[in-house]
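**Student:** So that we are looking at the same thing, I have put the structure below in structure tokens.
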Amino acid sequence: MSKKRLDQLITFNPSRPIKKGVIASFIDMAALPINSRDIPKIGSKLYKGGGARFSNGDTLFSRITPCLENGKTAKVSGLLENVNAHGSTEFIVMSAIYPEFDEDFIYYIARLPEFRAFAKSRMEGTSGRQRVSWQAIADFEFDFPSKEGRKRIGSILARLDDKIKLNHQTNQTLEQIAQAIFKCWFVDFEPVKAKQHLHKLGGNKAQKERAAQAIIAGAINLETIISATDLDILDQQISQVLEKKTAHQTETQRQQLVSTASYFPNELIESELGLIPEGWNVSSLGNDFDIVMGQSPPGDTYNENEQGIAFFQGRRDFGWRYPTNRVYCTQPKRMASKGDTLLSVRAPVGDINKASSDCCIGRGISALRHITTCEAYTYYLLLNLSPIFENFSSEGTVFGSINQKNLKTIKIIRPSHSVLNEFSKITRPVDEQIENLDTQTRILSKIRDTLLPKLLSGEFSMDAKT
């Protein structure tokens with residue numbers, strides 16, 4: 001290993017041409033992850049000639065407080081081949097001089113605690129608006145391994161991040177599956193509408209139930225049913241697609257589908273929230289949920305070393321299915337229990353997450369727990385997808401908020417217990433798989449963060465194959 005300046009491996013803010021006046025891929029500061037490699041969402045924006053420019057393989061390093069301290073750093077991927085993107089003026093773009101060996105290695109250098117401490121020590125400017133220049137961090141010196149050693153280090157750490165990325169993608173797919181079922185059942189009421197249309201065509205009970213089964217099984221879409229005018233042709237089509245869809249299922253699974261369809265009523269009726277299935281009711285959050293409003297513990301009780309109670313701080317902890325606990329406290333004020341729905345009550349009001357463990361909740365967060373033993377995940381989705389926060393009156397001129405009194409008055413649809421229980425049977429294993437993958441991701445992240453400084457410092461040598 002030999003000590004080198006960082007600019008011997010990196011080209012800072014390289015030339016990445018974008019034609020002025022065109023719509024180009026865009027990444028803002030908010031999109032940069034804090035504890036992961038990959039950028040979850042890339043937008044687009046008119047390029048006016050300013051800001052950072054970058055391409056696949058480049059590392060984006062936030063140079064401004066508090067983003068630098070928070071760890072906002074990412075490796076760019078997902079752009080079209082040979083296409084450049086632009087972003088915040090507060091990004092330092094780091095590009096490998098030798099991409100074959102250093103593309104991954106440079107990203108992990110940017111994550112190295114020693115380097116980040118160096119960058120923070122070189123920040124300049126007034127309090128609250130300090131930033132570091134690329135020239136300052138180019139002075140960083142380190143005992144860099146050989147080219148092959150750097151390549152192996154980058155590859156080892158990248159494999160961990162690849163698995164983390166795959167877990168995230170899998171969880172997003174699982175979440176979308178559960179949300180699609182939820183929307184079908186509890187927002188669009190498709191099984192009920194299918195039965196209702198068969199009733200208009202003069203269908204008997206068995207035909208109505210088959211239509212609902214086909215919708216629930218995903219064998220046919222509602223538009224096909226609604227557009228049909230001939231009952232016999234429609235029923236034959238439904239029977240065929242339903243038989244094909246359930247051919248691989250066991251008898252128990254087929255009977256469960258029959259049972260689930262039977263729990264949906266045949267009609268929609270008027271309510272103060274519009275049309276809802278017959279037998280369902282309109283309730284309120286205050287009637288159906290115990291609500292705990294958060295209160296932040298004293299600042300001097302915070303730590304980041306998993307000593308104390310997990311502290312769910314606020315808005316920045318929303319985003320992923322289960323929040324990543326970055327801060328802990330020793331004097332919690334208000335607590336949420338595992339499985340509670342966590343709701344932001346300050347701008348943006350209505351962001352939703354789920355407590356993955358017992359945790360302290362800070363100001364701006366409320367915890368909602370259903371008063372019955374009904375599955376928590378059902379209500380996580382119920383709150384997440386129902387447009388219940390569209391019409392509330394915001395309080396406050398700066399942040400916007402909703403207090404406990406007003407929160408309790410928000411109206412919600414209360415489905416039948418039988419339908420909710422069936423939904424829970426379907427979504428419970430989905431929820432468990434999501435939580436298992438999320439737990440695995442946390443473990444992988446800890447392994448990566450433990451290995452990173454050891455590999456880069458040479459404590460684990462990568463200059464020779466072992």
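The way I read the labels, and the way they are meant: chains A, B, ... in the order of the structure tokens, residue 1 as the first residue of every chain, and ligand 1 as the first ligand shown, with later ones counted on from there.
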Excluding Asp235 in chain A and any residue of its chain fewer than 3 positions from it, enumerate the residues within 10 Å of it, using only C-alpha atoms, and give them as a list in words.
**Tutor:**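 In the requested format, the answer is Leu198, Gly203, Ala206, Gln207, Lys208, Arg210, Ala211, Ile225, Ala228, Asp230, Leu231, Asp232, Ile238, Ser239 and Gln240 of chain A.
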**Student:** Please, which residues of range 55-225 of chain A, numbered as in this document, come out helix (DSSP H, G or I) from DSSP, as a compact mmCIF listing (two decimals) with N, CA and C atoms, in the first residue's frame?
**Tutor:**
```txt
# COMPACT_ATOMS: atom_id res chain seq x y z
N CYS A 67 -26.38 17.96 5.26
CA CYS A 67 -26.45 16.76 4.41
C CYS A 67 -25.16 15.95 4.46
N LEU A 68 -24.02 16.65 4.52
CA LEU A 68 -22.74 15.93 4.61
C LEU A 68 -22.68 15.14 5.91
N GLU A 69 -23.04 15.81 7.03
CA GLU A 69 -23.01 15.13 8.32
C GLU A 69 -23.98 13.95 8.36
N ASN A 70 -25.12 14.08 7.68
CA ASN A 70 -26.12 13.01 7.67
C ASN A 70 -25.73 11.83 6.80
N PRO A 99 -11.73 3.51 -14.03
CA PRO A 99 -13.04 2.94 -13.66
C PRO A 99 -13.01 1.44 -13.40
N GLU A 100 -12.23 0.69 -14.17
CA GLU A 100 -12.20 -0.76 -14.01
C GLU A 100 -11.81 -1.15 -12.59
N PHE A 101 -10.93 -0.37 -11.98
CA PHE A 101 -10.43 -0.71 -10.66
C PHE A 101 -11.11 0.09 -9.54
N ASP A 102 -11.54 1.30 -9.85
CA ASP A 102 -11.87 2.24 -8.77
C ASP A 102 -13.32 2.73 -8.72
N GLU A 103 -14.16 2.33 -9.64
CA GLU A 103 -15.52 2.89 -9.66
C GLU A 103 -16.25 2.61 -8.34
N ASP A 104 -16.20 1.36 -7.89
CA ASP A 104 -16.83 1.02 -6.60
C ASP A 104 -15.99 1.53 -5.43
N PHE A 105 -14.68 1.39 -5.55
CA PHE A 105 -13.78 1.77 -4.46
C PHE A 105 -13.97 3.23 -4.07
N ILE A 106 -14.14 4.10 -5.04
CA ILE A 106 -14.30 5.54 -4.76
C ILE A 106 -15.58 5.80 -3.99
N TYR A 107 -16.65 5.10 -4.35
CA TYR A 107 -17.89 5.27 -3.59
C TYR A 107 -17.67 4.92 -2.13
N TYR A 108 -16.94 3.83 -1.86
CA TYR A 108 -16.73 3.43 -0.47
C TYR A 108 -15.73 4.32 0.25
N ILE A 109 -14.79 4.91 -0.48
CA ILE A 109 -13.94 5.95 0.12
C ILE A 109 -14.81 7.09 0.62
N ALA A 110 -15.81 7.47 -0.19
CA ALA A 110 -16.71 8.56 0.19
C ALA A 110 -17.53 8.21 1.43
N ARG A 111 -17.66 6.91 1.72
CA ARG A 111 -18.38 6.45 2.92
C ARG A 111 -17.45 6.23 4.12
N PRO A 113 -15.47 6.65 7.31
CA PRO A 113 -15.58 7.63 8.40
C PRO A 113 -14.40 8.59 8.47
N GLU A 114 -13.19 8.08 8.23
CA GLU A 114 -12.00 8.93 8.26
C GLU A 114 -12.08 10.04 7.21
N PHE A 115 -12.55 9.69 6.02
CA PHE A 115 -12.67 10.69 4.96
C PHE A 115 -13.77 11.69 5.29
N ARG A 116 -14.89 11.22 5.81
CA ARG A 116 -16.00 12.12 6.11
C ARG A 116 -15.61 13.10 7.22
N ALA A 117 -14.84 12.61 8.20
CA ALA A 117 -14.36 13.49 9.26
C ALA A 117 -13.43 14.56 8.68
N PHE A 118 -12.59 14.13 7.73
CA PHE A 118 -11.69 15.08 7.07
C PHE A 118 -12.50 16.14 6.33
N ALA A 119 -13.52 15.72 5.59
CA ALA A 119 -14.35 16.66 4.83
C ALA A 119 -15.04 17.66 5.76
N LYS A 120 -15.58 17.15 6.88
CA LYS A 120 -16.27 18.04 7.82
C LYS A 120 -15.31 19.05 8.44
N SER A 121 -14.06 18.63 8.66
CA SER A 121 -13.09 19.54 9.27
C SER A 121 -12.66 20.65 8.31
N TRP A 134 -14.43 20.92 -3.43
CA TRP A 134 -13.78 19.71 -3.95
C TRP A 134 -12.27 19.83 -3.82
N GLN A 135 -11.74 21.06 -3.92
CA GLN A 135 -10.30 21.23 -3.78
C GLN A 135 -9.83 20.82 -2.39
N ALA A 136 -10.67 21.09 -1.39
CA ALA A 136 -10.30 20.74 -0.01
C ALA A 136 -10.25 19.23 0.20
N ILE A 137 -11.25 18.51 -0.32
CA ILE A 137 -11.24 17.07 -0.10
C ILE A 137 -10.25 16.36 -1.01
N ALA A 138 -9.83 17.03 -2.10
CA ALA A 138 -8.81 16.43 -2.96
C ALA A 138 -7.48 16.28 -2.23
N LYS A 147 -4.08 -1.44 -7.49
CA LYS A 147 -5.28 -1.42 -8.34
C LYS A 147 -6.13 -2.66 -8.15
N GLU A 148 -5.49 -3.83 -8.17
CA GLU A 148 -6.24 -5.08 -8.02
C GLU A 148 -6.85 -5.18 -6.62
N GLY A 149 -6.11 -4.69 -5.63
CA GLY A 149 -6.64 -4.69 -4.27
C GLY A 149 -7.86 -3.80 -4.15
N ARG A 150 -7.81 -2.62 -4.78
CA ARG A 150 -8.94 -1.70 -4.74
C ARG A 150 -10.15 -2.32 -5.46
N LYS A 151 -9.89 -3.01 -6.54
CA LYS A 151 -10.97 -3.65 -7.29
C LYS A 151 -11.65 -4.72 -6.44
N ARG A 152 -10.84 -5.52 -5.72
CA ARG A 152 -11.42 -6.58 -4.89
C ARG A 152 -12.20 -6.00 -3.72
N ILE A 153 -11.67 -4.96 -3.10
CA ILE A 153 -12.39 -4.32 -2.00
C ILE A 153 -13.74 -3.79 -2.48
N GLY A 154 -13.73 -3.08 -3.59
CA GLY A 154 -14.98 -2.55 -4.14
C GLY A 154 -15.96 -3.64 -4.47
N SER A 155 -15.46 -4.75 -5.00
CA SER A 155 -16.33 -5.86 -5.39
C SER A 155 -16.98 -6.51 -4.17
N ILE A 156 -16.21 -6.71 -3.10
CA ILE A 156 -16.75 -7.32 -1.88
C ILE A 156 -17.86 -6.47 -1.29
N LEU A 157 -17.61 -5.18 -1.14
CA LEU A 157 -18.61 -4.30 -0.55
C LEU A 157 -19.80 -4.10 -1.48
N ALA A 158 -19.53 -4.08 -2.79
CA ALA A 158 -20.63 -3.90 -3.75
C ALA A 158 -21.58 -5.08 -3.75
N ARG A 159 -21.06 -6.28 -3.51
CA ARG A 159 -21.95 -7.46 -3.46
C ARG A 159 -22.94 -7.35 -2.30
N LEU A 160 -22.49 -6.79 -1.19
CA LEU A 160 -23.41 -6.56 -0.07
C LEU A 160 -24.47 -5.55 -0.44
N ASP A 161 -24.05 -4.46 -1.09
CA ASP A 161 -25.03 -3.44 -1.50
C ASP A 161 -25.95 -3.95 -2.61
N ASP A 162 -25.45 -4.84 -3.45
CA ASP A 162 -26.31 -5.44 -4.48
C ASP A 162 -27.44 -6.24 -3.84
N LYS A 163 -27.11 -6.98 -2.79
CA LYS A 163 -28.12 -7.76 -2.09
C LYS A 163 -29.11 -6.85 -1.37
N ILE A 164 -28.61 -5.78 -0.78
CA ILE A 164 -29.49 -4.80 -0.14
C ILE A 164 -30.46 -4.19 -1.16
N LYS A 165 -29.92 -3.87 -2.35
CA LYS A 165 -30.76 -3.32 -3.40
C LYS A 165 -31.83 -4.32 -3.83
N LEU A 166 -31.44 -5.59 -3.99
CA LEU A 166 -32.39 -6.62 -4.38
C LEU A 166 -33.49 -6.77 -3.32
N ASN A 167 -33.11 -6.73 -2.05
CA ASN A 167 -34.10 -6.81 -0.98
C ASN A 167 -35.10 -5.66 -1.07
N HIS A 168 -34.59 -4.47 -1.31
CA HIS A 168 -35.47 -3.31 -1.45
C HIS A 168 -36.44 -3.50 -2.62
N GLN A 169 -35.92 -3.95 -3.74
CA GLN A 169 -36.76 -4.15 -4.92
C GLN A 169 -37.81 -5.23 -4.68
N THR A 170 -37.41 -6.31 -4.02
CA THR A 170 -38.36 -7.38 -3.70
C THR A 170 -39.45 -6.86 -2.77
N ASN A 171 -39.07 -6.10 -1.76
CA ASN A 171 -40.06 -5.56 -0.84
C ASN A 171 -41.00 -4.58 -1.52
N GLN A 172 -40.48 -3.80 -2.45
CA GLN A 172 -41.35 -2.89 -3.19
C GLN A 172 -42.38 -3.67 -4.00
N THR A 173 -41.95 -4.78 -4.61
CA THR A 173 -42.87 -5.61 -5.38
C THR A 173 -43.93 -6.23 -4.47
N LEU A 174 -43.51 -6.75 -3.32
CA LEU A 174 -44.45 -7.32 -2.37
C LEU A 174 -45.44 -6.28 -1.87
N GLU A 175 -44.94 -5.09 -1.60
CA GLU A 175 -45.81 -4.00 -1.15
C GLU A 175 -46.83 -3.66 -2.22
N GLN A 176 -46.39 -3.61 -3.47
CA GLN A 176 -47.30 -3.29 -4.57
C GLN A 176 -48.39 -4.34 -4.72
N ILE A 177 -48.02 -5.61 -4.50
CA ILE A 177 -49.01 -6.70 -4.58
C ILE A 177 -50.09 -6.50 -3.53
N ALA A 178 -49.65 -6.25 -2.28
CA ALA A 178 -50.61 -6.06 -1.20
C ALA A 178 -51.46 -4.81 -1.42
N GLN A 179 -50.84 -3.75 -1.90
CA GLN A 179 -51.58 -2.52 -2.16
C GLN A 179 -52.59 -2.69 -3.29
N ALA A 180 -52.23 -3.47 -4.30
CA ALA A 180 -53.17 -3.71 -5.40
C ALA A 180 -54.41 -4.45 -4.91
N ILE A 181 -54.19 -5.44 -4.04
CA ILE A 181 -55.33 -6.17 -3.47
C ILE A 181 -56.17 -5.22 -2.62
N PHE A 182 -55.49 -4.41 -1.80
CA PHE A 182 -56.21 -3.47 -0.95
C PHE A 182 -57.06 -2.52 -1.78
N LYS A 183 -56.48 -1.96 -2.83
CA LYS A 183 -57.22 -1.01 -3.67
C LYS A 183 -58.43 -1.68 -4.30
N CYS A 184 -58.25 -2.90 -4.77
CA CYS A 184 -59.35 -3.65 -5.38
C CYS A 184 -60.50 -3.86 -4.39
N TRP A 185 -60.17 -4.22 -3.16
CA TRP A 185 -61.19 -4.57 -2.18
C TRP A 185 -61.80 -3.36 -1.48
N PHE A 186 -60.92 -2.42 -1.03
CA PHE A 186 -61.35 -1.40 -0.08
C PHE A 186 -61.45 0.01 -0.65
N VAL A 187 -60.96 0.22 -1.86
CA VAL A 187 -61.04 1.54 -2.48
C VAL A 187 -61.99 1.53 -3.67
N GLU A 190 -64.20 -3.58 -6.16
CA GLU A 190 -64.42 -4.30 -7.41
C GLU A 190 -65.23 -5.59 -7.24
N PRO A 191 -65.01 -6.41 -6.21
CA PRO A 191 -65.85 -7.61 -6.08
C PRO A 191 -67.33 -7.27 -5.93
N VAL A 192 -67.63 -6.18 -5.22
CA VAL A 192 -69.03 -5.76 -5.06
C VAL A 192 -69.60 -5.27 -6.38
N LYS A 193 -68.83 -4.47 -7.09
CA LYS A 193 -69.30 -3.95 -8.38
C LYS A 193 -69.51 -5.06 -9.39
N ALA A 194 -68.67 -6.10 -9.32
CA ALA A 194 -68.85 -7.24 -10.23
C ALA A 194 -70.17 -7.93 -9.94
N LYS A 195 -70.45 -8.16 -8.66
CA LYS A 195 -71.74 -8.78 -8.29
C LYS A 195 -72.91 -7.89 -8.69
N GLN A 196 -72.74 -6.61 -8.49
CA GLN A 196 -73.82 -5.67 -8.80
C GLN A 196 -74.16 -5.70 -10.29
N HIS A 197 -73.14 -5.79 -11.12
CA HIS A 197 -73.40 -5.81 -12.56
C HIS A 197 -74.07 -7.12 -12.97
N LEU A 198 -73.63 -8.23 -12.40
CA LEU A 198 -74.28 -9.51 -12.70
C LEU A 198 -75.74 -9.48 -12.27
N HIS A 199 -76.03 -8.77 -11.17
CA HIS A 199 -77.42 -8.63 -10.72
C HIS A 199 -78.24 -7.86 -11.76
N LYS A 200 -77.66 -6.80 -12.32
CA LYS A 200 -78.37 -6.01 -13.33
C LYS A 200 -78.66 -6.85 -14.58
N LYS A 205 -77.27 -16.26 -7.94
CA LYS A 205 -76.28 -16.15 -6.87
C LYS A 205 -74.95 -16.77 -7.27
N ALA A 206 -74.98 -17.94 -7.88
CA ALA A 206 -73.74 -18.63 -8.27
C ALA A 206 -72.96 -17.81 -9.28
N GLN A 207 -73.65 -17.19 -10.23
CA GLN A 207 -72.98 -16.37 -11.24
C GLN A 207 -72.35 -15.13 -10.62
N LYS A 208 -73.04 -14.52 -9.67
CA LYS A 208 -72.49 -13.35 -8.98
C LYS A 208 -71.22 -13.73 -8.21
N GLU A 209 -71.28 -14.88 -7.54
CA GLU A 209 -70.13 -15.31 -6.75
C GLU A 209 -68.93 -15.63 -7.63
N ARG A 210 -69.20 -16.23 -8.81
CA ARG A 210 -68.09 -16.53 -9.74
C ARG A 210 -67.43 -15.24 -10.22
N ALA A 211 -68.25 -14.22 -10.47
CA ALA A 211 -67.69 -12.94 -10.93
C ALA A 211 -66.79 -12.34 -9.85
N ALA A 212 -67.24 -12.38 -8.59
CA ALA A 212 -66.42 -11.85 -7.50
C ALA A 212 -65.14 -12.68 -7.34
N GLN A 213 -65.25 -13.99 -7.47
CA GLN A 213 -64.07 -14.85 -7.35
C GLN A 213 -63.05 -14.52 -8.43
N ALA A 214 -63.52 -14.29 -9.65
CA ALA A 214 -62.60 -13.97 -10.76
C ALA A 214 -61.87 -12.66 -10.51
N ILE A 215 -62.58 -11.68 -9.95
CA ILE A 215 -61.95 -10.40 -9.62
C ILE A 215 -60.91 -10.59 -8.52
N ILE A 216 -61.27 -11.29 -7.47
CA ILE A 216 -60.37 -11.50 -6.33
C ILE A 216 -59.13 -12.28 -6.74
N ALA A 217 -59.31 -13.25 -7.63
CA ALA A 217 -58.20 -14.07 -8.09
C ALA A 217 -57.33 -13.37 -9.13
N LEU A 222 -62.34 -5.63 -13.93
CA LEU A 222 -63.72 -5.15 -13.74
C LEU A 222 -64.28 -4.54 -15.02
N GLU A 223 -63.43 -3.88 -15.79
CA GLU A 223 -63.91 -3.24 -17.02
C GLU A 223 -64.52 -4.26 -17.97
N THR A 224 -63.92 -5.45 -18.05
CA THR A 224 -64.46 -6.50 -18.92
C THR A 224 -65.85 -6.91 -18.46
N ILE A 225 -66.03 -7.01 -17.14
CA ILE A 225 -67.34 -7.40 -16.62
C ILE A 225 -68.37 -6.30 -16.84
```
**Student:** Tell me which of A:Ala310, A:Leu268, A:Ala74, A:Ile443 sits closest to Pro40 in chain A, counting only C-alpha atoms.
**Tutor:**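 Closest to Pro40 in chain A of all the choices is A:Ala74.
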**Student:** Phe61 in chain A: which residues within 8 Å, counting only C-alpha atoms, same-chain residues fewer than 2 positions away excluded, as JSON, numbers by chain?
**Tutor:** {"A": [59, 63, 68, 72, 73, 74, 91, 92, 93, 94, 110]}
**Student:** Name the residues of range 94-196 of chain A that fall into strand (DSSP E or B) according to DSSP on the backbone, using the chain letters and numbers of this document, as a list in words.
**Tutor:** Met94, Ser95, Ala96, Glu124, Arg131, Glu141, Phe142, Asp143 and Phe144 of chain A
**Student:** Set out as a Markdown table a contact list for range 398-460 of chain A and range 276-292 of chain A with a cut-off of 9 Å, giving each residue of range 398-460 of chain A that qualifies its closest atom pair and distance in Å to one decimal, counting only C-alpha atoms, ordered by chain and rising residue number.
**Tutor:**
```
| residue | atom | partner | partner_atom | distance |
| --- | --- | --- | --- | --- |
| A:Gln404 | CA | A:Ile291 | CA | 7.6 |
| A:Lys405 | CA | A:Gly286 | CA | 8.5 |
| A:Leu407 | CA | A:Leu285 | CA | 6.9 |
| A:Lys408 | CA | A:Gly286 | CA | 3.9 |
| A:Thr409 | CA | A:Ser284 | CA | 5.7 |
| A:Ile410 | CA | A:Ser284 | CA | 5.4 |
| A:Lys411 | CA | A:Ser284 | CA | 4.3 |
| A:Ile412 | CA | A:Ser284 | CA | 5.3 |
| A:Ile413 | CA | A:Val282 | CA | 4.7 |
| A:Arg414 | CA | A:Asn281 | CA | 5.1 |
| A:Pro415 | CA | A:Trp280 | CA | 4.8 |
| A:Ser416 | CA | A:Trp280 | CA | 5.6 |
```
**Student:** Between range 233-323 of chain A and range 356-366 of chain A, at 6 Å or less, what are the per-residue closest atom pairs and their distances in Å? Count only C-alpha atoms, order by chain and rising residue number, and return it as CSV.
**Tutor:**
```
residue,atom,partner,partner_atom,distance
A:Val292,CA,A:Ser366,CA,5.4
A:Met293,CA,A:Ser366,CA,4.4
A:Gly294,CA,A:Gly362,CA,4.7
A:Gln295,CA,A:Arg363,CA,4.4
A:Ser296,CA,A:Gly362,CA,4.0
A:Ala310,CA,A:Cys359,CA,4.9
A:Phe311,CA,A:Cys360,CA,4.7
A:Phe312,CA,A:Ile361,CA,4.9
A:Gln313,CA,A:Gly362,CA,4.9
A:Tyr322,CA,A:Ser356,CA,5.9
```
**Student:** Keeping only C-alpha atoms, write the selected residues as a compact mmCIF listing (two decimals), in the first residue's frame.
**Tutor:**
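Dumped everything to out-v4.txt:
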```
# COMPACT_ATOMS: atom_id res chain seq x y z
CA VAL A 292 -50.65 8.52 20.91
CA MET A 293 -49.12 11.89 19.97
CA GLY A 294 -45.33 11.97 19.99
CA GLN A 295 -43.07 14.12 22.14
CA SER A 296 -39.33 14.38 21.57
CA ALA A 310 -35.10 3.33 19.24
CA PHE A 311 -36.21 6.90 18.50
CA PHE A 312 -38.42 7.58 15.47
CA GLN A 313 -37.64 11.24 14.97
CA TYR A 322 -39.91 -0.12 7.97
```
